[in-house]
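Okay, coords_30.csv is below, CSV, C-alpha atoms and all ligand atoms:
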chain,number,residue,atom,x,y,z
A,1002,MET,CA,-117.5,0.3,-88.1
A,1003,LYS,CA,-116.3,-0.2,-91.7
A,1004,ARG,CA,-112.5,0.3,-92.2
A,1005,ILE,CA,-111.9,2.0,-95.5
A,1006,ALA,CA,-108.7,2.3,-97.5
A,1007,LEU,CA,-109.0,5.1,-100.0
A,1008,LEU,CA,-106.6,5.0,-103.0
A,1009,GLY,CA,-106.5,8.1,-105.2
A,1010,ALA,CA,-107.5,10.3,-102.2
A,1011,THR,CA,-106.5,13.6,-103.8
A,1012,GLY,CA,-108.6,13.1,-106.9
A,1013,SER,CA,-112.1,14.0,-107.9
A,1014,ILE,CA,-113.6,10.7,-106.6
A,1015,GLY,CA,-111.2,10.6,-103.7
A,1016,ARG,CA,-112.2,14.1,-102.4
A,1017,GLN,CA,-115.9,13.3,-102.7
A,1018,ALA,CA,-115.4,10.0,-100.9
A,1019,ILE,CA,-113.8,11.8,-98.0
A,1020,GLU,CA,-116.9,13.9,-97.8
A,1021,VAL,CA,-119.1,10.8,-97.7
A,1022,ILE,CA,-116.9,9.1,-95.1
A,1023,ASP,CA,-116.7,12.2,-92.9
A,1024,ALA,CA,-120.5,12.4,-92.9
A,1025,HIS,CA,-121.0,8.8,-91.9
A,1026,PRO,CA,-120.3,7.7,-88.3
A,1027,ASP,CA,-119.8,4.1,-89.2
A,1028,LEU,CA,-117.2,4.7,-91.9
A,1029,ARG,CA,-113.6,5.1,-90.8
A,1030,LEU,CA,-110.7,6.0,-93.1
A,1031,VAL,CA,-107.8,3.7,-92.0
A,1032,ALA,CA,-105.5,4.3,-95.0
A,1033,ALA,CA,-105.1,6.7,-97.9
A,1034,ALA,CA,-102.9,6.9,-100.9
A,1035,SER,CA,-102.1,9.4,-103.7
A,1036,GLY,CA,-99.8,9.4,-106.7
A,1037,THR,CA,-97.7,12.5,-106.0
A,1038,GLN,CA,-99.4,14.9,-103.8
A,1039,PRO,CA,-98.7,14.9,-100.0
A,1040,ILE,CA,-101.5,13.5,-97.8
A,1041,ASP,CA,-99.8,13.4,-94.4
A,1042,GLY,CA,-102.4,13.2,-91.6
A,1043,LEU,CA,-105.3,12.3,-93.8
A,1044,ALA,CA,-105.5,8.8,-92.4
A,1045,PRO,CA,-103.6,6.8,-89.8
A,1046,ARG,CA,-101.6,5.2,-92.6
A,1047,THR,CA,-100.8,7.1,-95.8
A,1048,GLN,CA,-98.7,6.5,-98.9
A,1049,VAL,CA,-97.6,8.5,-101.9
A,1050,GLY,CA,-97.0,6.5,-105.0
A,1051,GLY,CA,-95.2,3.1,-104.9
A,1052,ASP,CA,-96.7,-0.3,-104.4
A,1053,LEU,CA,-100.1,0.3,-102.8
A,1054,THR,CA,-100.5,-3.4,-101.8
A,1055,THR,CA,-98.1,-2.9,-99.0
A,1056,LEU,CA,-100.3,-0.2,-97.6
A,1057,LEU,CA,-103.3,-2.5,-98.0
A,1058,ASP,CA,-101.6,-5.4,-96.3
A,1059,GLU,CA,-100.7,-3.2,-93.3
A,1060,SER,CA,-104.0,-1.4,-92.9
A,1061,GLU,CA,-106.3,-4.5,-93.1
A,1062,PRO,CA,-109.3,-2.6,-94.5
A,1063,ASP,CA,-112.9,-4.0,-94.7
A,1064,LEU,CA,-113.3,-2.2,-98.0
A,1065,VAL,CA,-110.9,-0.7,-100.6
A,1066,LEU,CA,-112.1,2.3,-102.7
A,1067,ASN,CA,-109.9,2.2,-105.7
A,1068,ALA,CA,-110.1,5.7,-107.2
A,1069,VAL,CA,-106.6,5.8,-108.7
A,1070,VAL,CA,-106.7,6.8,-112.4
A,1071,GLY,CA,-105.4,4.5,-115.1
A,1072,PHE,CA,-103.6,1.1,-115.3
A,1073,ALA,CA,-101.6,2.1,-112.1
A,1074,GLY,CA,-104.7,1.0,-110.1
A,1075,LEU,CA,-104.3,-2.6,-111.2
A,1076,PRO,CA,-102.3,-4.1,-108.3
A,1077,ALA,CA,-104.8,-2.7,-105.8
A,1078,THR,CA,-107.8,-4.1,-107.7
A,1079,ILE,CA,-106.2,-7.6,-107.9
A,1080,TRP,CA,-105.2,-7.4,-104.3
A,1081,ALA,CA,-108.7,-6.7,-103.1
A,1082,LEU,CA,-110.3,-9.3,-105.4
A,1083,GLU,CA,-107.8,-12.0,-104.5
A,1084,GLN,CA,-108.0,-11.3,-100.7
A,1085,GLY,CA,-111.8,-11.3,-100.7
A,1086,VAL,CA,-111.8,-7.7,-99.3
A,1087,ASP,CA,-114.8,-5.7,-100.6
A,1088,LEU,CA,-113.8,-3.5,-103.5
A,1089,ALA,CA,-115.5,-0.3,-104.4
A,1090,LEU,CA,-114.2,0.2,-108.0
A,1091,ALA,CA,-113.9,3.6,-109.6
A,1092,ASN,CA,-110.7,2.6,-111.4
A,1093,LYS,CA,-112.4,1.1,-114.4
A,1094,GLU,CA,-109.1,0.9,-116.4
A,1095,SER,CA,-107.9,-2.0,-114.2
A,1096,LEU,CA,-111.0,-4.1,-114.8
A,1097,VAL,CA,-110.9,-3.4,-118.5
A,1098,ALA,CA,-107.3,-4.2,-118.8
A,1099,ALA,CA,-107.2,-7.3,-116.6
A,1100,GLY,CA,-110.7,-8.7,-117.5
A,1101,GLU,CA,-110.5,-12.4,-117.2
A,1102,LEU,CA,-107.6,-12.4,-114.6
A,1103,ALA,CA,-109.6,-10.0,-112.4
A,1104,LEU,CA,-112.7,-12.3,-112.6
A,1105,GLU,CA,-110.6,-15.3,-111.7
A,1106,ALA,CA,-109.2,-13.4,-108.7
A,1107,TRP,CA,-112.7,-12.4,-107.7
A,1108,ALA,CA,-113.9,-16.0,-107.9
A,1109,ARG,CA,-111.1,-17.1,-105.6
A,1110,GLY,CA,-111.5,-14.2,-103.1
A,1111,LYS,CA,-115.3,-14.1,-103.1
A,1112,GLY,CA,-115.5,-10.5,-101.8
A,1113,ARG,CA,-118.0,-7.9,-103.1
A,1114,LEU,CA,-117.2,-6.0,-106.2
A,1115,LEU,CA,-119.2,-2.8,-106.0
A,1116,PRO,CA,-119.0,-0.5,-109.0
A,1117,VAL,CA,-118.6,3.2,-108.3
A,1118,ASP,CA,-119.0,4.3,-112.0
A,1119,SER,CA,-122.4,5.9,-111.9
A,1120,GLU,CA,-123.8,3.8,-114.8
A,1121,HIS,CA,-122.5,0.6,-113.4
A,1122,SER,CA,-123.8,1.4,-109.9
A,1123,ALA,CA,-127.1,2.1,-111.5
A,1124,ALA,CA,-127.0,-1.1,-113.5
A,1125,TYR,CA,-126.0,-3.1,-110.4
A,1126,GLN,CA,-129.1,-1.8,-108.6
A,1127,CYS,CA,-131.4,-2.6,-111.5
A,1128,LEU,CA,-129.9,-6.1,-111.9
A,1129,GLU,CA,-129.6,-7.0,-108.2
A,1130,GLY,CA,-131.5,-10.1,-107.3
A,1131,ARG,CA,-132.7,-10.8,-110.9
A,1132,ASP,CA,-132.4,-14.0,-112.7
A,1133,PRO,CA,-129.7,-13.4,-115.3
A,1134,ALA,CA,-131.8,-15.4,-117.8
A,1135,SER,CA,-134.5,-12.8,-117.5
A,1136,VAL,CA,-132.2,-9.9,-118.6
A,1137,GLU,CA,-132.5,-9.0,-122.3
A,1138,THR,CA,-130.2,-6.0,-122.6
A,1139,LEU,CA,-128.4,-3.4,-120.5
A,1140,VAL,CA,-128.3,0.2,-121.7
A,1141,LEU,CA,-125.6,2.5,-120.6
A,1142,THR,CA,-126.2,6.2,-121.0
A,1143,ALA,CA,-123.6,8.7,-122.2
A,1144,SER,CA,-123.9,12.5,-121.8
A,1145,GLY,CA,-122.2,12.8,-125.2
A,1146,GLY,CA,-119.5,15.2,-123.7
A,1147,PRO,CA,-118.8,18.7,-124.7
A,1148,PHE,CA,-118.6,17.9,-128.5
A,1149,ARG,CA,-121.9,16.2,-128.9
A,1150,GLY,CA,-123.5,17.2,-132.2
A,1151,ARG,CA,-120.3,18.2,-133.8
A,1152,ASN,CA,-118.8,16.5,-136.9
A,1153,ARG,CA,-115.2,15.5,-137.5
A,1154,ASP,CA,-114.4,18.7,-139.4
A,1155,GLU,CA,-115.3,20.7,-136.4
A,1156,LEU,CA,-113.1,18.7,-134.1
A,1157,GLY,CA,-109.7,19.0,-135.9
A,1158,SER,CA,-108.4,21.8,-133.8
A,1159,VAL,CA,-110.2,21.6,-130.5
A,1160,THR,CA,-108.0,22.3,-127.5
A,1161,PRO,CA,-107.6,20.5,-124.2
A,1162,ARG,CA,-109.3,23.4,-122.5
A,1163,GLU,CA,-112.4,23.0,-124.7
A,1164,ALA,CA,-112.4,19.2,-124.2
A,1165,LEU,CA,-112.1,19.6,-120.4
A,1166,ALA,CA,-115.3,21.6,-120.3
A,1167,HIS,CA,-117.7,18.8,-119.5
A,1168,PRO,CA,-121.4,19.8,-119.6
A,1169,THR,CA,-122.8,17.6,-116.8
A,1170,TRP,CA,-120.0,16.0,-114.7
A,1171,SER,CA,-117.0,17.6,-112.9
A,1172,MET,CA,-114.3,14.9,-113.0
A,1173,GLY,CA,-110.5,14.4,-113.2
A,1174,PRO,CA,-108.8,15.4,-116.5
A,1175,LYS,CA,-108.2,11.9,-117.9
A,1176,ILE,CA,-111.8,10.8,-117.6
A,1177,THR,CA,-113.1,14.2,-118.9
A,1178,ILE,CA,-111.1,13.8,-122.1
A,1179,ASP,CA,-112.4,10.2,-122.3
A,1180,SER,CA,-115.9,11.5,-122.1
A,1181,ALA,CA,-115.2,14.0,-124.9
A,1182,THR,CA,-113.9,11.2,-127.2
A,1183,LEU,CA,-116.5,8.6,-125.9
A,1184,ALA,CA,-113.6,6.3,-124.9
A,1185,ASN,CA,-115.0,6.6,-121.5
A,1186,LYS,CA,-118.2,4.9,-122.7
A,1187,GLY,CA,-116.1,2.4,-124.5
A,1188,LEU,CA,-114.2,1.5,-121.3
A,1189,GLU,CA,-117.6,1.3,-119.5
A,1190,LEU,CA,-118.9,-1.1,-122.1
A,1191,ILE,CA,-116.0,-3.5,-121.4
A,1192,GLU,CA,-116.3,-2.9,-117.7
A,1193,ALA,CA,-120.0,-3.8,-117.9
A,1194,HIS,CA,-119.2,-7.0,-119.8
A,1195,PHE,CA,-116.9,-8.1,-117.0
A,1196,LEU,CA,-119.0,-6.9,-114.1
A,1197,PHE,CA,-122.3,-8.3,-115.2
A,1198,GLY,CA,-121.3,-11.2,-117.4
A,1199,LEU,CA,-123.3,-9.9,-120.3
A,1200,PRO,CA,-122.1,-10.5,-123.9
A,1201,TYR,CA,-121.4,-7.4,-126.0
A,1202,ASP,CA,-124.5,-7.9,-128.2
A,1203,ARG,CA,-126.6,-7.4,-125.1
A,1204,LEU,CA,-124.9,-4.1,-124.1
A,1205,GLU,CA,-126.1,-0.9,-125.7
A,1206,VAL,CA,-125.0,2.7,-125.4
A,1207,VAL,CA,-127.3,5.7,-125.9
A,1208,VAL,CA,-126.6,9.4,-125.7
A,1209,HIS,CA,-128.6,11.1,-123.0
A,1210,PRO,CA,-127.4,14.7,-122.6
A,1211,SER,CA,-128.9,15.6,-119.2
A,1212,SER,CA,-127.4,12.5,-117.4
A,1213,ILE,CA,-130.5,11.8,-115.4
A,1214,VAL,CA,-131.0,8.2,-116.4
A,1215,HIS,CA,-127.8,6.4,-115.6
A,1216,ALA,CA,-128.6,2.9,-116.8
A,1217,LEU,CA,-131.6,0.9,-117.9
A,1218,VAL,CA,-132.2,-2.8,-118.0
A,1219,ARG,CA,-134.6,-4.4,-120.4
A,1220,PHE,CA,-136.1,-7.7,-119.3
A,1221,ARG,CA,-137.5,-10.5,-121.5
A,1222,ASP,CA,-141.1,-9.8,-120.4
A,1223,GLY,CA,-141.0,-6.4,-122.1
A,1224,ALA,CA,-140.4,-4.5,-118.8
A,1225,ALA,CA,-137.5,-2.1,-118.4
A,1226,LEU,CA,-136.0,-0.7,-115.1
A,1227,ALA,CA,-134.1,2.5,-115.1
A,1228,HIS,CA,-132.0,4.2,-112.4
A,1229,VAL,CA,-132.5,7.9,-112.3
A,1230,GLY,CA,-131.0,10.8,-110.3
A,1231,TYR,CA,-129.2,14.1,-110.7
A,1232,PRO,CA,-125.6,13.6,-111.8
A,1233,ASP,CA,-123.6,13.5,-108.5
A,1234,MET,CA,-120.9,11.0,-107.9
A,1235,ARG,CA,-121.5,11.1,-104.1
A,1236,VAL,CA,-124.6,9.0,-104.7
A,1237,PRO,CA,-122.8,5.9,-106.2
A,1238,ILE,CA,-119.8,6.5,-103.8
A,1239,SER,CA,-122.1,6.4,-100.8
A,1240,PHE,CA,-124.0,3.4,-102.2
A,1241,ALA,CA,-120.8,1.4,-102.5
A,1242,LEU,CA,-119.2,2.5,-99.2
A,1243,THR,CA,-122.4,1.9,-97.2
A,1244,TYR,CA,-123.6,-1.2,-99.0
A,1245,PRO,CA,-126.0,-2.8,-98.2
A,1246,GLU,CA,-127.2,-0.1,-95.9
A,1247,ARG,CA,-127.9,2.6,-98.5
A,1248,ALA,CA,-127.2,5.3,-95.9
A,1249,GLU,CA,-128.9,8.7,-95.9
A,1250,THR,CA,-127.1,11.5,-97.7
A,1251,PRO,CA,-127.9,15.3,-97.7
A,1252,LEU,CA,-128.0,15.2,-101.5
A,1253,ARG,CA,-130.8,16.7,-103.5
A,1254,GLN,CA,-133.8,14.4,-104.2
A,1255,LEU,CA,-135.0,14.2,-107.8
A,1256,ASP,CA,-137.7,16.9,-108.4
A,1257,LEU,CA,-139.9,15.7,-111.2
A,1258,ALA,CA,-142.3,18.7,-111.0
A,1259,SER,CA,-139.4,21.1,-111.8
A,1260,GLY,CA,-139.1,19.5,-115.2
A,1261,LEU,CA,-136.6,17.0,-116.5
A,1262,SER,CA,-135.3,16.6,-120.0
A,1263,LEU,CA,-135.1,12.9,-121.0
A,1264,GLU,CA,-133.8,12.8,-124.5
A,1265,PHE,CA,-132.0,9.9,-126.0
A,1266,SER,CA,-130.3,9.3,-129.3
A,1267,ALA,CA,-127.8,6.9,-130.9
A,1268,PRO,CA,-124.1,7.7,-130.5
A,1269,ASP,CA,-122.3,9.1,-133.5
A,1270,LEU,CA,-119.8,6.4,-134.1
A,1271,GLU,CA,-118.2,8.0,-137.1
A,1272,THR,CA,-117.3,11.2,-135.2
A,1273,PHE,CA,-116.4,9.4,-132.0
A,1274,PRO,CA,-114.8,6.1,-133.2
A,1275,LEU,CA,-113.3,5.2,-129.8
A,1276,LEU,CA,-116.7,3.7,-128.8
A,1277,ALA,CA,-116.8,1.3,-131.7
A,1278,LEU,CA,-113.1,0.5,-131.3
A,1279,ALA,CA,-113.8,-0.5,-127.6
A,1280,ARG,CA,-116.6,-2.8,-128.7
A,1281,ARG,CA,-114.2,-4.3,-131.3
A,1282,ALA,CA,-111.5,-4.7,-128.7
A,1283,GLY,CA,-113.9,-6.2,-126.1
A,1284,GLU,CA,-115.3,-8.7,-128.6
A,1285,ALA,CA,-111.9,-9.7,-129.8
A,1286,GLY,CA,-111.0,-10.4,-126.1
A,1287,GLY,CA,-107.6,-11.5,-125.0
A,1288,THR,CA,-105.3,-8.5,-124.3
A,1289,TYR,CA,-107.1,-6.3,-126.9
A,1290,PRO,CA,-109.0,-4.4,-124.1
A,1291,CYS,CA,-105.7,-4.0,-122.3
A,1292,ALA,CA,-104.1,-2.6,-125.4
A,1293,TYR,CA,-107.1,-0.3,-126.1
A,1294,ASN,CA,-106.7,1.1,-122.6
A,1295,ALA,CA,-103.0,1.5,-122.7
A,1296,ALA,CA,-103.0,3.3,-126.1
A,1297,ASN,CA,-105.8,5.5,-125.0
A,1298,GLU,CA,-103.9,6.5,-121.8
A,1299,VAL,CA,-100.8,7.4,-123.8
A,1300,ALA,CA,-102.8,9.4,-126.4
A,1301,VAL,CA,-104.9,11.3,-123.8
A,1302,ALA,CA,-101.7,12.3,-121.9
A,1303,ALA,CA,-100.2,13.5,-125.2
A,1304,PHE,CA,-103.4,15.4,-126.1
A,1305,LEU,CA,-103.5,17.1,-122.6
A,1306,ASP,CA,-99.8,18.0,-123.2
A,1307,GLU,CA,-100.8,19.5,-126.5
A,1308,ARG,CA,-98.5,17.0,-128.3
A,1309,LEU,CA,-101.4,15.4,-130.2
A,1310,PRO,CA,-104.5,16.7,-132.0
A,1311,PHE,CA,-107.9,15.5,-130.6
A,1312,LEU,CA,-108.8,13.3,-133.6
A,1313,ALA,CA,-105.4,11.6,-133.4
A,1314,ILE,CA,-106.4,10.0,-130.0
A,1315,ALA,CA,-108.6,7.5,-131.8
A,1316,GLU,CA,-106.2,7.1,-134.6
A,1317,THR,CA,-103.4,6.2,-132.1
A,1318,VAL,CA,-105.7,3.6,-130.4
A,1319,GLU,CA,-106.8,2.1,-133.7
A,1320,ASP,CA,-103.3,1.8,-135.0
A,1321,THR,CA,-102.1,0.2,-131.8
A,1322,LEU,CA,-105.0,-2.3,-131.9
A,1323,ASP,CA,-104.0,-3.2,-135.5
A,1324,ARG,CA,-100.4,-3.9,-134.4
A,1325,VAL,CA,-100.7,-5.9,-131.2
A,1326,ASP,CA,-101.4,-9.7,-131.3
A,1327,GLY,CA,-104.0,-9.5,-128.5
A,1328,ALA,CA,-102.9,-12.9,-127.2
A,1329,PRO,CA,-104.6,-13.7,-123.8
A,1330,ALA,CA,-102.6,-13.0,-120.7
A,1331,GLY,CA,-101.8,-16.2,-118.7
A,1332,ASP,CA,-100.9,-14.2,-115.6
A,1333,LEU,CA,-100.3,-10.6,-114.4
A,1334,ASP,CA,-96.7,-10.5,-115.8
A,1335,ASP,CA,-98.1,-11.2,-119.2
A,1336,LEU,CA,-100.7,-8.5,-118.8
A,1337,VAL,CA,-98.1,-6.0,-117.6
A,1338,GLU,CA,-96.1,-6.9,-120.7
A,1339,ALA,CA,-99.1,-6.5,-123.0
A,1340,ASP,CA,-99.8,-3.1,-121.5
A,1341,ALA,CA,-96.1,-2.0,-121.9
A,1342,GLN,CA,-96.0,-3.2,-125.5
A,1343,ALA,CA,-99.2,-1.3,-126.4
A,1344,ARG,CA,-97.7,1.8,-124.8
A,1345,ARG,CA,-94.5,1.4,-126.9
A,1346,LEU,CA,-96.6,1.1,-130.1
A,1347,ALA,CA,-98.8,4.0,-129.2
A,1348,GLU,CA,-95.7,6.2,-128.5
A,1349,GLU,CA,-94.2,5.2,-131.9
A,1350,ARG,CA,-97.5,6.3,-133.5
A,1351,LEU,CA,-97.4,9.6,-131.6
A,1352,ALA,CA,-93.9,10.3,-133.0
A,1353,VAL,CA,-95.4,9.9,-136.5
A,1354,ALA,CA,-98.5,11.9,-135.8
A,1355,ARG,CA,-96.6,14.9,-134.4
B,1401,LIG,N1,-114.3,11.7,-111.4
B,1401,LIG,C1,-115.4,11.1,-111.7
B,1401,LIG,O1,-116.5,11.6,-111.5
B,1401,LIG,C2,-115.4,9.6,-112.1
B,1401,LIG,C3,-116.6,8.9,-112.4
B,1401,LIG,C4,-116.6,7.6,-112.7
B,1401,LIG,C5,-115.4,6.9,-112.7
B,1401,LIG,N2,-114.2,7.6,-112.4
B,1401,LIG,C6,-112.9,6.8,-112.4
B,1401,LIG,O2,-112.3,7.0,-111.1
B,1401,LIG,C7,-110.9,7.0,-111.3
B,1401,LIG,C8,-110.4,8.3,-110.7
B,1401,LIG,O3,-110.9,9.4,-111.5
B,1401,LIG,P1,-110.8,10.9,-111.0
B,1401,LIG,O4,-111.6,11.7,-111.9
B,1401,LIG,O5,-111.0,11.0,-109.5
B,1401,LIG,O6,-109.2,11.2,-111.3
B,1401,LIG,P2,-108.3,12.3,-110.7
B,1401,LIG,O7,-109.1,13.5,-110.2
B,1401,LIG,O8,-107.3,12.6,-111.8
B,1401,LIG,O9,-107.5,11.6,-109.5
B,1401,LIG,C9,-106.7,10.5,-109.7
B,1401,LIG,C10,-106.2,10.1,-108.4
B,1401,LIG,O10,-105.3,9.0,-108.6
B,1401,LIG,C11,-104.0,9.2,-107.9
B,1401,LIG,N3,-103.0,8.5,-108.6
B,1401,LIG,C12,-102.5,8.6,-109.9
B,1401,LIG,N4,-101.5,7.8,-110.1
B,1401,LIG,C13,-101.4,7.1,-109.0
B,1401,LIG,C14,-100.5,6.1,-108.6
B,1401,LIG,N5,-99.5,5.6,-109.4
B,1401,LIG,N6,-100.5,5.6,-107.3
B,1401,LIG,C15,-101.4,6.1,-106.4
B,1401,LIG,N7,-102.3,7.0,-106.7
B,1401,LIG,C16,-102.3,7.5,-108.0
B,1401,LIG,C17,-103.9,10.7,-108.0
B,1401,LIG,O11,-102.9,11.2,-107.0
B,1401,LIG,P3,-102.2,12.6,-107.2
B,1401,LIG,O12,-103.2,13.7,-107.0
B,1401,LIG,O13,-101.2,12.7,-106.2
B,1401,LIG,O14,-101.6,12.6,-108.6
B,1401,LIG,C18,-105.3,11.1,-107.6
B,1401,LIG,O15,-105.6,11.0,-106.2
B,1401,LIG,C19,-110.6,6.9,-112.8
B,1401,LIG,O16,-110.4,5.5,-113.1
B,1401,LIG,C20,-111.9,7.3,-113.4
B,1401,LIG,O17,-112.2,6.7,-114.7
B,1401,LIG,C21,-114.2,8.9,-112.1

Just dump the structure as structure tokens.
Ligand SMILES: NC(=O)c1ccc[n+]([C@@H]2O[C@H](COP(=O)([O-])OP(=O)(O)OC[C@H]3O[C@@H](n4cnc5c(N)ncnc54)[C@H](OP(=O)(O)O)[C@@H]3O)[C@@H](O)[C@H]2O)c1
Amino acid sequence: MKRIALLGATGSIGRQAIEVIDAHPDLRLVAAASGTQPIDGLAPRTQVGGDLTTLLDESEPDLVLNAVVGFAGLPATIWALEQGVDLALANKESLVAAGELALEAWARGKGRLLPVDSEHSAAYQCLEGRDPASVETLVLTASGGPFRGRNRDELGSVTPREALAHPTWSMGPKITIDSATLANKGLELIEAHFLFGLPYDRLEVVVHPSSIVHALVRFRDGAALAHVGYPDMRVPISFALTYPERAETPLRQLDLASGLSLEFSAPDLETFPLLALARRAGEAGGTYPCAYNAANEVAVAAFLDERLPFLAIAETVEDTLDRVDGAPAGDLDDLVEADAQARRLAEERLAVAR
């Protein structure tokens, strides 16, 4: 029996995780948390908002599924890594922001860190058991979002409603906007760097509209391994929750004879600058990725509130990155301060952009 603590239980990942847990006799939900919505009775222990590490201390899980959205997921990520409790990580923002500190906590705790992001779950499976020296490059695929193929002139006046209409994935609002701007792929690039220890020049992003190939690893002998499947988050959720069992699911098997479209192209970095900005922030290191994430969270919230035009999301992030010092965080307090400072700068930029 695996005792699961589910954080972000009311969200898109959280609801799909409950489906997976309910269908598996060896998975038991011992704790659940949300940000604001009531969840009484969902698990023996529940918590709405506040410090989620108290809930984790009390519920003694074997595995934490962190499906909180945004930087708010950081304390739970660090708690699990530090305690050596297996962590199924959907909350990419915490790994992006905390980077080195999270890796240090992981090295001390020695638990498993199982990615839930579909691309990283795919990459994890392609890389598992391989000699790191044999890996040439890791390719993350991007659907391209609802605005793929448009140019900047065509994006000036797009609305949150249009940006929320994702072509292949049904997800929470923040990540859906991140997919439309390609910030999601930027966050995933930095996430992959920390998860797999690969330098940025060995991480590539390609646009693949049908979202069938989730990741591909090229090896030094010329071979490449890809992970393929229909886009359905219950697959990586189930993989992480039942690892290493790879439990049976009722999900649709890939049907090759019905025809699959496997098209790939380079991302349009001019129209979607947040991908290149993420690479820049990741390569600069220190707290630049934290600032990238913080400014993006502020700008996305403002866009969803119709307080900021779509193209100004990237401008806000770029302006913030230009103004922070990016000094490495010595500890979590430093990191929280770097996050707060980037948020203040991004808010200032919003006031100008309005
Ligand atoms: N959705 C996907 O398909 C997908 C795919 C890959 C990765 N991810 C990642 O998974 C994470 C969750 O995404 P999502 O799409 O599931 O988001 P979502 O639908 O917006 O759900 C977010 C969840 O986080 C909870 N939450 C927000 N602030 C919180 C706080 N301070 N304390 C505790 N809980 C809090 C929300 O609770 P309330 O409902 O009460 O506000 C909700 O349960 C994100 O990091 C995202 O990037 C998602």

Report the closest atom pair, with its distance in Å rounded to one decimal, for each residue of chain A that has an atom no farther than 7 Å from ligand LIG 1401 (chain B); count all atoms listed in the file, sort by chain and then rising residue number, and write it as CSV.
residue,atom,partner,partner_atom,distance
A:Leu1008,CA,B:LIG1401,N7,6.0
A:Gly1009,CA,B:LIG1401,O15,3.2
A:Ala1010,CA,B:LIG1401,O15,4.5
A:Thr1011,CA,B:LIG1401,O15,3.7
A:Gly1012,CA,B:LIG1401,O9,3.2
A:Ser1013,CA,B:LIG1401,O5,3.6
A:Ile1014,CA,B:LIG1401,O5,3.9
A:Gly1015,CA,B:LIG1401,O5,5.8
A:Ala1034,CA,B:LIG1401,C15,5.8
A:Ser1035,CA,B:LIG1401,O11,3.8
A:Gly1036,CA,B:LIG1401,C16,3.4
A:Thr1037,CA,B:LIG1401,O13,3.5
A:Gln1038,CA,B:LIG1401,O13,3.7
A:Val1049,CA,B:LIG1401,C15,6.4
A:Gly1050,CA,B:LIG1401,N6,4.3
A:Gly1051,CA,B:LIG1401,N6,6.3
A:Leu1053,CA,B:LIG1401,C15,6.9
A:Ala1068,CA,B:LIG1401,C8,4.4
A:Val1069,CA,B:LIG1401,O10,3.5
A:Val1070,CA,B:LIG1401,C19,3.9
A:Gly1071,CA,B:LIG1401,O16,5.5
A:Ala1073,CA,B:LIG1401,N5,4.9
A:Gly1074,CA,B:LIG1401,C14,6.8
A:Ala1091,CA,B:LIG1401,O2,4.0
A:Asn1092,CA,B:LIG1401,O16,3.4
A:Lys1093,CA,B:LIG1401,O16,5.0
A:Glu1094,CA,B:LIG1401,O16,5.8
A:Val1117,CA,B:LIG1401,C4,6.5
A:Asp1118,CA,B:LIG1401,C4,4.1
A:Ser1119,CA,B:LIG1401,C4,6.1
A:Trp1170,CA,B:LIG1401,O1,6.5
A:Ser1171,CA,B:LIG1401,O1,6.2
A:Met1172,CA,B:LIG1401,N1,3.6
A:Gly1173,CA,B:LIG1401,O4,3.2
A:Pro1174,CA,B:LIG1401,O8,5.7
A:Lys1175,CA,B:LIG1401,O8,6.2
A:Ile1176,CA,B:LIG1401,O17,5.0
A:Met1234,CA,B:LIG1401,O1,5.7

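Shortest separation to A:Leu1057 among A:Val1299, A:Val1229, A:Leu1242, A:Ala1032 occurs at residue A:Ala1032, atoms counted being all atoms listed in the file.
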
Stretch 1179-1185 of chain A environment, 7 Å, all atoms listed in the file, sequence neighbours closer than 4 positions dropped, as a list in words: Gly1146, Pro1147, Phe1148, Ala1164, Lys1175, Glu1189, Phe1273, Leu1275 and Leu1276 of chain A

Per residue of stretch 1084-1141 of chain A within 9 Å of stretch 1281-1295 of chain A, what are the shortest atom pair and its distance in Å to one decimal, counting only C-alpha atoms, with rows by chain and residue number, as JSON lines?
{"residue": "A:Glu1094", "atom": "CA", "partner": "A:Asn1294", "partner_atom": "CA", "distance": 6.7}
{"residue": "A:Ser1095", "atom": "CA", "partner": "A:Cys1291", "partner_atom": "CA", "distance": 8.6}
{"residue": "A:Val1097", "atom": "CA", "partner": "A:Pro1290", "partner_atom": "CA", "distance": 6.0}
{"residue": "A:Ala1098", "atom": "CA", "partner": "A:Cys1291", "partner_atom": "CA", "distance": 3.9}
{"residue": "A:Ala1099", "atom": "CA", "partner": "A:Cys1291", "partner_atom": "CA", "distance": 6.8}
{"residue": "A:Gly1100", "atom": "CA", "partner": "A:Pro1290", "partner_atom": "CA", "distance": 8.1}
{"residue": "A:Glu1101", "atom": "CA", "partner": "A:Gly1287", "partner_atom": "CA", "distance": 8.4}

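Residues lying within 10 Å of A:Leu1255, counting only C-alpha atoms and ignoring same-chain neighbours fewer than 6 positions away, are Ile1213, Val1229, Gly1230, Tyr1231 and Leu1261 of chain A.
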
From A:Asn1297, A:Thr1055, A:Gln1342, A:Ser1158, residue lying nearest A:Ile1314 [all atoms listed in the file]: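 Nearest to A:Ile1314: A:Asn1297.
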
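With only C-alpha atoms as the basis for measurement, A:Ser1060 is the residue among A:Ser1060, A:Val1353, A:Gly1187, A:Tyr1201 that approaches A:Gln1048 most closely.
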
Surrounding residues of A:Pro1268 excluding itself and chain neighbours under 6 positions, 10 Å, all atoms listed in the file, as a VMD selection string: chain A and resid 1142 to 1145 1149 to 1150 1183 1206 to 1209 1274 1276 to 1277

Gap from atom CA of A:Ser1135 to atom CA of A:Ser1122 - Å, one decimal: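 Interatomic distance, atom CA of A:Ser1135 to atom CA of A:Ser1122: 19.3 Å.
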